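Just my_file.csv here, CSV, C-alpha atoms:
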```csv
chain,number,residue,atom,x,y,z
A,1,MET,CA,0.0,0.0,0.0
A,2,SER,CA,2.9,2.4,0.7
A,3,MET,CA,3.9,2.4,-3.0
A,4,GLN,CA,0.4,3.2,-4.0
A,5,ALA,CA,0.3,6.0,-1.4
A,6,LEU,CA,3.6,7.4,-2.6
A,7,ASN,CA,2.4,7.2,-6.3
A,8,ARG,CA,-0.7,9.2,-5.3
A,9,LEU,CA,1.3,11.8,-3.4
A,10,VAL,CA,3.8,12.4,-6.2
A,11,ALA,CA,1.1,12.5,-8.9
A,12,ARG,CA,-0.9,14.9,-6.8
A,13,SER,CA,2.2,17.2,-6.3
A,14,ILE,CA,2.3,17.8,-10.0
A,15,VAL,CA,-1.0,19.5,-10.1
A,16,ASP,CA,-1.6,20.5,-6.5
A,17,PRO,CA,0.7,23.2,-5.1
A,18,SER,CA,-0.3,22.5,-1.5
A,19,VAL,CA,2.0,19.5,-1.4
A,20,LEU,CA,5.0,21.5,-2.4
A,21,GLN,CA,4.0,24.3,0.0
A,22,ALA,CA,3.8,21.8,2.9
A,23,PHE,CA,7.2,20.3,1.8
A,24,GLY,CA,8.8,23.7,1.6
A,25,ALA,CA,7.5,24.7,5.1
A,26,GLY,CA,8.8,21.5,6.6
A,27,HIS,CA,5.3,20.1,7.1
A,28,ILE,CA,5.3,17.1,4.7
A,29,GLY,CA,4.6,14.9,7.7
A,30,GLN,CA,1.1,16.3,7.8
A,31,VAL,CA,0.5,15.4,4.2
A,32,LEU,CA,2.0,11.9,4.7
A,33,GLY,CA,-0.5,11.5,7.6
A,34,GLU,CA,-3.4,11.8,5.2
A,35,LEU,CA,-2.1,8.8,3.2
A,36,ASP,CA,-1.9,5.1,3.7
A,37,PHE,CA,1.7,4.8,5.1
A,38,SER,CA,2.6,2.7,8.1
A,39,PRO,CA,3.6,4.8,11.1
A,40,GLU,CA,7.2,3.5,10.7
A,41,MET,CA,7.3,4.4,7.0
A,42,ARG,CA,5.9,7.8,7.8
A,43,LEU,CA,8.7,8.4,10.3
A,44,ASN,CA,11.3,7.3,7.8
A,45,LEU,CA,9.9,9.5,5.0
A,46,THR,CA,9.6,12.5,7.3
A,47,ALA,CA,13.3,12.1,8.2
A,48,ILE,CA,14.5,12.3,4.5
A,49,GLU,CA,16.9,15.2,4.0
A,50,SER,CA,16.5,16.5,0.4
A,51,GLU,CA,17.4,19.5,-1.6
A,52,SER,CA,14.2,19.6,-3.7
A,53,TRP,CA,10.8,17.9,-4.0
A,54,THR,CA,12.0,15.6,-6.8
A,55,ASP,CA,15.0,14.7,-4.7
A,56,PHE,CA,12.6,13.8,-1.8
A,57,ALA,CA,10.4,11.8,-4.2
A,58,ILE,CA,13.2,9.7,-5.5
A,59,GLN,CA,14.6,9.0,-2.0
A,60,ALA,CA,11.1,8.1,-0.8
A,61,TYR,CA,10.7,5.8,-3.8
A,62,ARG,CA,13.9,4.0,-2.8
A,63,LEU,CA,12.8,3.6,0.8
A,64,VAL,CA,9.3,2.3,0.0
A,65,LYS,CA,10.6,0.0,-2.7
A,66,ALA,CA,13.2,-1.5,-0.4
A,67,ALA,CA,10.6,-2.0,2.3
A,68,GLU,CA,8.2,-3.7,-0.1
A,69,LYS,CA,10.8,-6.0,-1.6
A,70,PRO,CA,9.8,-9.5,-0.6
A,71,ALA,CA,12.3,-11.3,1.7
A,72,VAL,CA,14.8,-13.3,-0.3
A,73,ARG,CA,14.3,-17.0,0.4
A,74,ILE,CA,17.5,-19.0,0.5
A,75,GLU,CA,16.7,-22.5,-0.6
A,76,LEU,CA,19.2,-24.9,0.7
A,77,PRO,CA,18.8,-28.6,-0.1
A,78,SER,CA,17.3,-30.7,2.7
A,79,PRO,CA,20.0,-32.6,4.6
A,80,LEU,CA,17.8,-35.6,4.1
A,81,GLU,CA,18.4,-35.5,0.4
A,82,GLY,CA,22.1,-36.0,0.9
A,83,LEU,CA,21.4,-39.0,3.0
A,84,ARG,CA,19.0,-40.4,0.5
A,85,GLY,CA,21.5,-40.0,-2.3
A,86,GLU,CA,24.1,-41.7,-0.3
A,87,ALA,CA,21.8,-44.6,0.6
A,88,GLU,CA,20.8,-44.8,-3.1
A,89,GLN,CA,24.4,-45.0,-4.1
A,90,LYS,CA,25.1,-47.8,-1.6
A,91,ARG,CA,22.0,-49.8,-2.8
A,92,THR,CA,23.2,-49.4,-6.4
A,93,GLY,CA,26.7,-50.4,-5.4
A,94,PHE,CA,25.4,-53.5,-3.6
A,95,GLY,CA,23.3,-54.4,-6.6
A,96,GLN,CA,26.3,-54.3,-8.9
A,97,VAL,CA,28.4,-56.5,-6.7
A,98,ALA,CA,25.6,-59.0,-6.4
B,1,MET,CA,21.0,16.0,-6.7
B,2,ASN,CA,22.2,12.4,-6.2
B,3,PRO,CA,22.5,10.2,-9.3
B,4,VAL,CA,19.2,8.8,-10.4
B,5,THR,CA,18.7,5.5,-12.3
B,6,ARG,CA,16.7,5.3,-15.5
B,7,GLU,CA,14.2,3.1,-13.7
B,8,GLU,CA,13.7,5.8,-11.0
B,9,ARG,CA,13.4,8.6,-13.5
B,10,HIS,CA,10.8,6.6,-15.4
B,11,TRP,CA,8.9,5.9,-12.2
B,12,PHE,CA,8.8,9.7,-11.6
B,13,LEU,CA,7.7,10.4,-15.1
B,14,ARG,CA,4.8,7.9,-14.7
B,15,ARG,CA,3.7,9.9,-11.7
B,16,VAL,CA,3.8,13.1,-13.7
B,17,ALA,CA,1.7,11.5,-16.4
B,18,GLN,CA,-0.6,10.1,-13.7
B,19,GLY,CA,-1.1,13.5,-12.1
B,20,LEU,CA,-2.0,15.1,-15.4
B,21,TYR,CA,-4.2,12.2,-16.5
B,22,GLU,CA,-6.2,12.4,-13.3
B,23,TYR,CA,-6.5,16.1,-13.7
B,24,MET,CA,-7.9,15.7,-17.2
B,25,GLY,CA,-10.3,12.9,-16.0
B,26,ALA,CA,-10.3,11.3,-19.5
B,27,ALA,CA,-12.5,8.2,-19.3
B,28,SER,CA,-11.5,6.9,-22.7
B,29,PRO,CA,-8.9,7.5,-25.4
B,30,PRO,CA,-7.7,9.6,-27.1
B,31,VAL,CA,-6.3,11.6,-24.2
B,32,PRO,CA,-6.9,15.3,-25.0
B,33,VAL,CA,-3.4,16.6,-24.7
B,34,GLU,CA,-4.0,19.7,-26.8
B,35,GLY,CA,-6.8,20.7,-24.4
B,36,LEU,CA,-4.3,20.2,-21.5
B,37,LEU,CA,-1.8,22.6,-23.1
B,38,GLN,CA,-4.5,25.2,-23.7
B,39,HIS,CA,-6.1,24.8,-20.3
B,40,PRO,CA,-3.4,23.5,-17.9
B,41,PRO,CA,-3.7,22.9,-14.2
B,42,ASP,CA,-3.6,26.0,-12.0
B,43,PRO,CA,0.1,25.9,-11.2
B,44,TYR,CA,0.9,26.2,-14.9
B,45,ARG,CA,-1.9,28.6,-16.0
B,46,GLU,CA,-0.6,31.5,-18.0
B,47,ASP,CA,2.7,29.6,-18.3
B,48,PHE,CA,2.3,27.8,-21.7
B,49,GLY,CA,0.3,27.3,-24.8
B,50,VAL,CA,0.3,26.0,-28.4
B,51,VAL,CA,1.2,27.8,-31.6
B,52,ASP,CA,0.6,26.3,-35.0
B,53,MET,CA,3.4,26.8,-37.6
B,54,TYR,CA,3.3,26.3,-41.3
B,55,SER,CA,6.8,25.2,-41.7
B,56,ALA,CA,9.4,24.1,-39.3
B,57,LEU,CA,12.4,21.8,-39.2
B,58,TRP,CA,10.9,19.7,-36.4
B,59,ASP,CA,7.4,18.2,-35.9
B,60,ALA,CA,7.2,20.4,-32.7
B,61,THR,CA,9.4,22.2,-30.3
B,62,PHE,CA,9.0,24.1,-27.1
B,63,ALA,CA,10.4,27.5,-26.6
B,64,ARG,CA,10.2,29.9,-23.7
B,65,PRO,CA,11.6,33.4,-23.8
B,66,PRO,CA,13.4,34.4,-20.6
B,67,ASP,CA,10.8,35.0,-17.8
B,68,GLY,CA,8.0,34.6,-20.4
B,69,ARG,CA,5.1,32.4,-21.4
B,70,GLY,CA,6.3,29.4,-23.2
B,71,SER,CA,4.6,27.7,-26.2
B,72,VAL,CA,4.8,24.5,-28.1
B,73,PHE,CA,5.4,25.4,-31.8
B,74,VAL,CA,3.9,22.5,-33.8
B,75,ARG,CA,3.8,21.9,-37.6
B,76,ILE,CA,0.4,22.4,-38.9
B,77,ASP,CA,0.6,19.5,-41.5
B,78,LEU,CA,1.1,16.7,-39.0
B,79,GLY,CA,-1.5,13.9,-38.9
B,80,PRO,CA,-3.6,13.7,-35.7
B,81,SER,CA,-1.5,10.9,-34.0
B,82,GLU,CA,1.8,12.5,-34.8
B,83,ARG,CA,0.5,15.9,-33.6
B,84,ARG,CA,-0.8,14.4,-30.4
B,85,PHE,CA,2.5,12.6,-29.7
B,86,ALA,CA,4.6,15.7,-30.5
B,87,LEU,CA,2.5,17.9,-28.3
B,88,ALA,CA,2.7,15.4,-25.4
B,89,ARG,CA,6.5,15.1,-25.8
B,90,GLU,CA,7.0,18.9,-25.8
B,91,LEU,CA,4.6,19.2,-22.9
B,92,LEU,CA,7.3,17.8,-20.6
B,93,SER,CA,9.6,20.7,-21.6
B,94,ALA,CA,6.8,23.1,-20.8
B,95,LEU,CA,6.4,21.6,-17.4
B,96,ILE,CA,10.1,21.5,-16.6
B,97,THR,CA,10.7,25.1,-17.5
B,98,SER,CA,7.6,26.5,-15.9
B,99,ARG,CA,7.9,28.4,-12.6
B,100,TYR,CA,6.1,25.6,-10.8
B,101,GLY,CA,8.2,22.9,-12.5
B,102,ARG,CA,11.4,24.6,-11.5
B,103,ALA,CA,10.1,24.9,-7.9
B,104,LEU,CA,9.4,21.2,-7.9
B,105,GLY,CA,13.0,20.5,-9.0
B,106,LEU,CA,12.1,19.0,-12.4
B,107,VAL,CA,15.1,20.6,-14.1
B,108,GLN,CA,17.6,18.8,-11.9
B,109,LEU,CA,15.9,15.5,-12.4
B,110,LEU,CA,14.9,15.5,-16.0
B,111,MET,CA,17.0,17.9,-18.0
B,112,ALA,CA,20.0,15.6,-18.5
B,113,ASP,CA,18.1,12.9,-20.3
B,114,LEU,CA,15.4,15.1,-21.8
B,115,ARG,CA,14.8,13.2,-25.1
B,116,ASP,CA,14.4,9.8,-23.4
B,117,SER,CA,12.3,11.4,-20.6
B,118,ALA,CA,10.1,13.3,-23.0
B,119,GLU,CA,9.3,10.3,-25.2
B,120,TYR,CA,8.7,8.0,-22.3
B,121,PHE,CA,6.5,10.6,-20.7
B,122,ALA,CA,4.5,11.1,-23.9
B,123,ARG,CA,3.8,7.4,-24.2
B,124,CYS,CA,2.6,7.2,-20.5
B,125,LEU,CA,0.5,10.3,-20.8
B,126,LEU,CA,-1.2,9.3,-24.1
B,127,VAL,CA,-1.7,5.7,-23.0
B,128,PRO,CA,-2.5,6.0,-19.3
B,129,GLU,CA,-2.0,2.9,-17.2
B,130,PRO,CA,-5.7,2.5,-16.2
B,131,LEU,CA,-6.9,2.9,-19.8
B,132,LEU,CA,-4.2,0.4,-21.0
B,133,GLN,CA,-5.3,-2.1,-18.4
B,134,ALA,CA,-8.9,-1.7,-19.4
B,135,PHE,CA,-7.9,-2.1,-23.1
B,136,ARG,CA,-6.1,-5.3,-22.2
B,137,ARG,CA,-9.0,-6.7,-20.1
B,138,ARG,CA,-11.3,-6.2,-23.1
B,139,GLY,CA,-8.9,-8.3,-25.2
B,140,GLY,CA,-7.2,-5.4,-27.0
B,141,LYS,CA,-4.1,-6.4,-28.9
B,142,ALA,CA,-0.8,-4.7,-29.3
B,143,THR,CA,-1.5,-4.1,-33.0
B,144,GLU,CA,-4.7,-2.3,-32.2
B,145,LEU,CA,-3.2,0.0,-29.5
B,146,ALA,CA,-2.0,2.8,-31.9
B,147,GLU,CA,-5.4,3.2,-33.5
B,148,ALA,CA,-7.3,2.9,-30.2
B,149,PHE,CA,-5.3,5.6,-28.5
B,150,GLY,CA,-4.5,7.8,-31.5
B,151,ILE,CA,-0.7,7.6,-31.3
B,152,PRO,CA,2.1,6.6,-33.8
B,153,ALA,CA,2.6,2.9,-34.2
B,154,GLU,CA,6.1,2.9,-32.9
B,155,ALA,CA,5.1,4.7,-29.7
B,156,ALA,CA,2.3,2.2,-29.2
B,157,ARG,CA,4.6,-0.7,-29.7
B,158,LEU,CA,7.0,0.6,-27.0
B,159,ARG,CA,4.2,1.4,-24.6
B,160,TRP,CA,2.8,-2.1,-24.9
B,161,GLU,CA,6.2,-3.6,-24.3
B,162,GLU,CA,7.0,-1.3,-21.4
B,163,SER,CA,3.9,-2.0,-19.4
B,164,PRO,CA,3.6,-5.4,-17.8
B,165,ALA,CA,0.4,-7.3,-18.7
```
Using the file provided, produce a representation of the structure as structure tokens.
Amino acid sequence: MSMQALNRLVARSIVDPSVLQAFGAGHIGQVLGELDFSPEMRLNLTAIESESWTDFAIQAYRLVKAAEKPAVRIELPSPLEGLRGEAEQKRTGFGQVA
Amino acid sequence: MNPVTREERHWFLRRVAQGLYEYMGAASPPVPVEGLLQHPPDPYREDFGVVDMYSALWDATFARPPDGRGSVFVRIDLGPSERRFALARELLSALITSRYGRALGLVQLLMADLRDSAEYFARCLLVPEPLLQAFRRRGGKATELAEAFGIPAEAARLRWEESPA
């Protein structure tokens, strides 16, 4: 939801000067409060230090994107598979001897 | 301004297009870009317009005298789809150089890659994401996009490829 909220905020800023006015006055937190950001994300966004609105928007995009990125799953083979392979090899070996 | 990737710049341009599209409230294509230039949102009012030209080296170009009202100068003999695309492309320059655009910081973000930015922006503005999704849901095909949205075939092809189904 945060990305949708950020999309709406930046799109709105293009045609609605009140967003830029709030940003310039250091009150962007109030505008963020009207949108669907988590309290933690709102704090992070409010803490962004930027030299312009576009700079803020890009930094906010990076933050929100990083937060929304799904956790990377490291898929290790099951230890059982190694044992199975070993058992299989042994069985095959026995078969050949027999 | 810190370095910005192409993907980040394109994200921002999609937001610019989204803001203008929502302002226009177009429910179906073609998107009335000429109307937008003649009646822009409040922050850009009195800041730009359209001037028809009988001959020019380019299809369209934007010019703004120092501290003055800017205009898109567009060749009068362009077909409707070429005219629409050229106006949408030059609209970005109008936005960037407007008083409000400068206050937003558009110059720092978009001026360096203006050609790529302007063409990408034009495609996003003329084929807005909600209308493209609706077109796809109704079974619209890539080959029909240009005619449905009134844009040049190459722009339609790129827009179709850029937007995930």
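Distance-wise, atom CA of B:Ser28 and atom CA of B:Leu92 end up 21.8 Å apart.
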With only C-alpha atoms as the counted atoms, please give the residues lying no more than 12 Å from stretch 100-105 of chain B, apart from itself and same-chain residues fewer than 4 positions off, as a PyMOL selection string.
(chain A and resi 10+13-21+23-24+50-58) or (chain B and resi 1+12+16+41-48+91-96+109-111)
Expressed in Å to a single decimal, how great is the separation between atom CA of B:Glu8 and atom CA of A:Met3?
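If I compute the distance from atom CA of B:Glu8 to atom CA of A:Met3, I get 13.1 Å.
Here the question is which of B:Ala155, B:Ile76, B:Val107, B:Ala88 gets nearest to chain A using only C-alpha atoms, and that residue is B:Val107.
Counting from atom CA of B:Asp116, the distance to atom CA of B:Glu147 is 23.2 Å.
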Tell me which of B:Pro66, B:Ser98, B:Val31, B:Phe85 sits closest to B:Ala153, counting all atoms listed in the file.
B:Phe85
Skipping near chain neighbours, those fewer than 3 positions away, what residues fall within 12 Å of B:Arg136 using only C-alpha atoms, listed as a VMD selection string?
chain B and resid 127 129 to 133 139 to 145 148 160 163 to 165
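Closest approach to chain A among B:Ala86, B:Leu20, B:Ala112, B:Ala118: B:Leu20, based on only C-alpha atoms.
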Find the residue from A:Leu6, A:Gly26, A:Leu35, A:Ala66 that sits nearest to chain B; use all atoms listed in the file when measuring.
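Using all atoms listed in the file, the shortest distance to chain B belongs to A:Leu6.
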Counting only C-alpha atoms, which residue out of B:Ala134, B:Leu37, B:Leu78, B:Leu125 sits closest to B:Ala156?
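Looking only at the distances to B:Ala156, the closest residue turns out to be B:Leu125.
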Pick from A:Asp36, A:Thr46, A:Leu9, A:Lys69, whichever lies nearest to chain B using only C-alpha atoms
A:Leu9
If you count all atoms listed in the file, which residues fall within 12 Å of A:Glu40, apart from same-chain ones fewer than 6 positions away, as a tab-separated table (two decimals) with C-alpha atoms, in the coordinates of the input?
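Output saved as around.tsv:
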```
chain	number	residue	atom	x	y	z
A	2	SER	CA	2.90	2.40	0.70
A	32	LEU	CA	2.00	11.90	4.70
A	33	GLY	CA	-0.50	11.50	7.60
A	46	THR	CA	9.60	12.50	7.30
A	47	ALA	CA	13.30	12.10	8.20
A	63	LEU	CA	12.80	3.60	0.80
A	64	VAL	CA	9.30	2.30	0.00
A	67	ALA	CA	10.60	-2.00	2.30
```
